[in-house]
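*Asks:* Mind having a look at this structure? Questions to follow.
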Amino acid sequence: MPKGRPNTMNNYGVLLNELGMDERFLTPLRERLLPMTALLFPELGGACLDSHKAFVVKYSLHEDLDLSSHYDNAEVTLNVSLGKEFTEGNLYFGEFNQDPSPVPKYIEVEHVVGRGLLHRGGQIHGALPVASGERWNLIVWMRSSATRNQLCPMCRRKPQLVEADGFGDGFTEPPSVDVCALG
């Protein structure tokens, strides 16, 4: 069975499309969230999030302990705390499109098991170290091809598209990725 890394920063987790969860679970979930994302994130294409990348990540002692400051390759991100039992490991958030260095000002948010957070993909954020136990998170990067076809969220330039498999990186049909993501 294929085993891709969830993203470039996490070593422990699984891409949910590799388990066949896109059509029956993740696409309907994204579509059910559209009224809320349209209301909360109209400037990011929240009404027309038409693709996604979803994965589960694991944080624990002696594995991935935390996640440094970053932003997501998404217009809107859903982050759901799945558990198990853990202490510490809160999330933190900075400003939208904020440079991660020097050390920016952050707001710390407790991530409660069974609850999800919706946030702008371009909002700088991270996860503080877990002190004990295991923390599992469902992450869904939701993307709007209408928005990202105009400006790549990663390099902040007009995208140069090449064909890709699946949803690609959320650009227009056929599924495409921006050349900047290949480097």
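Each chain in the structure tokens gets a letter, A, B and so on, in the order shown; residues start at 1 in every chain, and ligands are counted from 1 in the order they appear.
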As a PyMOL selection string, please: the residues near Leu82 of chain A (cut-off 12 Å, only C-alpha atoms, same-chain neighbours under 3 positions excluded).
*Replies:* chain A and resi 56-59+79+85-86+111-117+134-139
*Asks:* Enumerate, in order of chain and increasing residue number, the residues of segment 77-147 of chain A with an atom no farther than 10 Å from segment 33-40 of chain A, each with its shortest atom pair and distance in Å to one decimal, counting only C-alpha atoms, as JSON lines.
*Replies:*
```
{"residue": "A:Thr77", "atom": "CA", "partner": "A:Thr37", "partner_atom": "CA", "distance": 9.9}
{"residue": "A:Leu78", "atom": "CA", "partner": "A:Leu33", "partner_atom": "CA", "distance": 9.6}
{"residue": "A:Leu118", "atom": "CA", "partner": "A:Thr37", "partner_atom": "CA", "distance": 8.3}
{"residue": "A:His119", "atom": "CA", "partner": "A:Leu40", "partner_atom": "CA", "distance": 9.2}
{"residue": "A:Arg120", "atom": "CA", "partner": "A:Leu40", "partner_atom": "CA", "distance": 9.6}
{"residue": "A:Met142", "atom": "CA", "partner": "A:Thr37", "partner_atom": "CA", "distance": 9.8}
```
*Asks:* Using only C-alpha atoms, can you tell me which of A:Val76, A:Leu91, A:Leu61, A:Leu16 comes closest to Gly45 of chain A?
*Replies:*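 Answer, going by the shortest atom-to-atom distance: A:Val76.
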*Asks:* Which of segment 36-169 of chain A end up as strand (DSSP E) when DSSP is run on this backbone - answer as a VMD selection string?
*Replies:* chain A and resid 51 to 60 67 to 70 76 to 83 86 to 88 91 to 96 107 to 109 116 to 120 123 to 127 130 to 143 161 to 163
*Asks:* Residues at most 12 Å from Glu75 of chain A, counting only C-alpha atoms, excluding those fewer than 4 positions away in the same chain, as a PyMOL selection string?
*Replies:* chain A and resi 37-38+40-53+71+96-97+118-123+140-149+151-154+169-171
*Asks:* Just give me the gap between atom CA of Asp64 of chain A and atom CA of Met21 of chain A in Å, one decimal is fine.
*Replies:*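 These atoms are spaced 24.1 Å apart.
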